[in-house]
Structures are given as structure tokens and as C-alpha cells.
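A short worksheet on the structure shown next.
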Amino acid sequence: MPLKLQHDEIPTLNLTSMIDVLFLLIIFFMVATKFDEMERNVQVAVPEVAQAGEDVPPKQPLVVSVLPDGHLELDGTSVSPQELTSRLTGARTPLTEPTVVIHGDAKCPFQYVAEALGACRQAGISELGITVRIASSGATTR
């Protein structure tokens, strides 16, 4: 029985759309470069000021630690709730407000953390954060 040999056509790749996209990208970059040149050639007299303010890096957040027995620490220094309020009030300036992060011990009653939050509120702090740890999938906490 004679076998028919079938010759498949070699698949061809139509490059027309790819060439169109390439030309569009070239035109886009050529036009964008012209706009950049035009912007650099605009002569503008920038106004001057006598003083621009302090050139200081952003401050790290203040850390309030609530220990299991209810004692408070501000950046490692033991403070009372009244001292915490006064120090946070002193840390505020008319232009900047400090960020406060509260580290509450997992074993302390929430009342102690609430007192630290109240001290921050009395000081007028609105940038507050409370740190937590994500529990592992197998552990349950009570």
C-alpha cells in the first residue's frame, strides 16, 4: 500500500501588528523627547525666600511601652501617665506632630494600654499606632 506523504506548510509569523506597535513606540519617544527639550528651554525666574525652614531628617516615632504591671516607658525611660502627657505635649511643635507607637505587653490588662492611649489623646497626638504580632497558624491565644 503506497503511503501518501503530506507536506505541511511551514507556519508563518505575521509581523505586521508587531511592526505597527514598534513604530508607535518610536513616535511616542520622539515626541516625548521634544517636550522635554521645550520644557528645559523655558526661562522662568524662580522666586527667592530668606529662610526655607529647618533641613532635618524625619523623626523616628516615639515609642510608649506598657509593661505587664502597668508601668509606662517613653523611649526606654520610665514615666508616669502625667509625665507621658507632658512629654508628648512638649514634643509637639506648631508645624510637626510626633508619631507615637504603643507597645503593649500581651499579658497586661488592656486598661493600662487604654491609659496610655488616653495620655496621648490629652497631649493632642493624632498619629498613633499599636504594635501587634501575627500569631502562628497552629497557636491559639486566650
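Ordered as shown in the C-alpha cells, chains take letters A, B, and onward, while each chain numbers its residues from 1 and ligands are numbered from 1 in the order shown.
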
Which of region 95-127 of chain A counts as helix (DSSP H, G or I) under DSSP, as a PyMOL selection string please?
-> chain A and resi 110-122

For the selection you just gave me, I'd like the residues written to a file as a PDB file, in the first residue's frame, keeping C-alpha atoms.
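Here's the written file selection37.pdb:
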ATOM      1  CA  PHE A 110      -6.000  46.410  78.350  1.00  0.00           C
ATOM      2  CA  GLN A 111      -6.784  49.111  80.918  1.00  0.00           C
ATOM      3  CA  TYR A 112      -3.085  50.005  81.047  1.00  0.00           C
ATOM      4  CA  VAL A 113      -2.942  50.362  77.257  1.00  0.00           C
ATOM      5  CA  ALA A 114      -6.130  52.451  77.386  1.00  0.00           C
ATOM      6  CA  GLU A 115      -4.476  54.777  79.914  1.00  0.00           C
ATOM      7  CA  ALA A 116      -1.514  55.236  77.563  1.00  0.00           C
ATOM      8  CA  LEU A 117      -3.932  55.987  74.705  1.00  0.00           C
ATOM      9  CA  GLY A 118      -5.722  58.498  76.942  1.00  0.00           C
ATOM     10  CA  ALA A 119      -2.422  60.221  77.746  1.00  0.00           C
ATOM     11  CA  CYS A 120      -1.717  60.517  74.014  1.00  0.00           C
ATOM     12  CA  ARG A 121      -5.169  61.962  73.441  1.00  0.00           C
ATOM     13  CA  GLN A 122      -4.715  64.519  76.219  1.00  0.00           C
TER      14      GLN A 122
END

Excluding same-chain residues fewer than 2 positions from region 123-134 of chain A, what lies within 6 Å of it counting only C-alpha atoms, as a CSV table (one decimal) with N, CA and C atoms, in the first residue's frame?
chain,number,residue,atom,x,y,z
A,85,THR,N,2.0,62.5,79.3
A,85,THR,CA,1.2,63.5,78.7
A,85,THR,C,2.0,64.8,78.5
A,88,LEU,N,4.8,64.3,75.8
A,88,LEU,CA,4.2,64.2,74.4
A,88,LEU,C,3.7,65.6,74.0
A,89,THR,N,3.2,66.4,74.9
A,89,THR,CA,2.8,67.8,74.6
A,89,THR,C,4.0,68.6,74.3
A,99,THR,N,4.8,61.1,65.8
A,99,THR,CA,4.1,59.8,65.7
A,99,THR,C,4.4,59.0,66.9
A,100,VAL,N,3.4,58.4,67.5
A,100,VAL,CA,3.6,57.6,68.7
A,100,VAL,C,3.2,56.2,68.4
A,101,VAL,N,4.0,55.2,68.8
A,101,VAL,CA,3.7,53.8,68.7
A,101,VAL,C,3.7,53.2,70.1
A,102,ILE,N,2.6,52.5,70.3
A,102,ILE,CA,2.4,51.9,71.7
A,102,ILE,C,2.7,50.4,71.6
A,103,HIS,N,3.6,50.0,72.4
A,103,HIS,CA,3.9,48.6,72.5
A,103,HIS,C,3.3,48.1,73.8
A,120,CYS,N,-2.0,60.0,75.4
A,120,CYS,CA,-1.7,60.5,74.0
A,120,CYS,C,-2.8,61.5,73.5
A,121,ARG,N,-4.1,61.1,73.8
A,121,ARG,CA,-5.2,62.0,73.4
A,121,ARG,C,-5.1,63.3,74.2

Distance of CA of Leu95 (chain A) from CA of Thr77 (chain A), expressed in Å to one decimal place |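 One can read the CA of Thr77 (chain A) to CA of Leu95 (chain A) distance as 25.8 Å.
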
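Interatomic distance, CA of Lys59 (chain A) to CA of Cys108 (chain A): 28.7 Å.
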
What does the distance between CA of Pro61 (chain A) and CA of Pro98 (chain A) come to in Å, to one decimal place?
-> 6.5 Å

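Across region 42-138 of chain A, DSSP run on the backbone finds strand (DSSP E) at A:Leu62, A:Val63, A:Val64, A:Ser65, A:Val66, A:Leu72, A:Glu73, A:Leu74, A:Thr77, A:Ser78, A:Val79, A:Val100, A:Val101, A:Ile102, A:His103, A:Gly104, A:Leu128, A:Gly129, A:Ile130.
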
Of the listed residues A:Pro109, A:Gln6, A:Phe29, A:Thr96, that which approaches His71 (chain A) most closely, counting only C-alpha atoms =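 Between A:Pro109, A:Gln6, A:Phe29, A:Thr96, the residue approaching His71 (chain A) most closely is A:Pro109.
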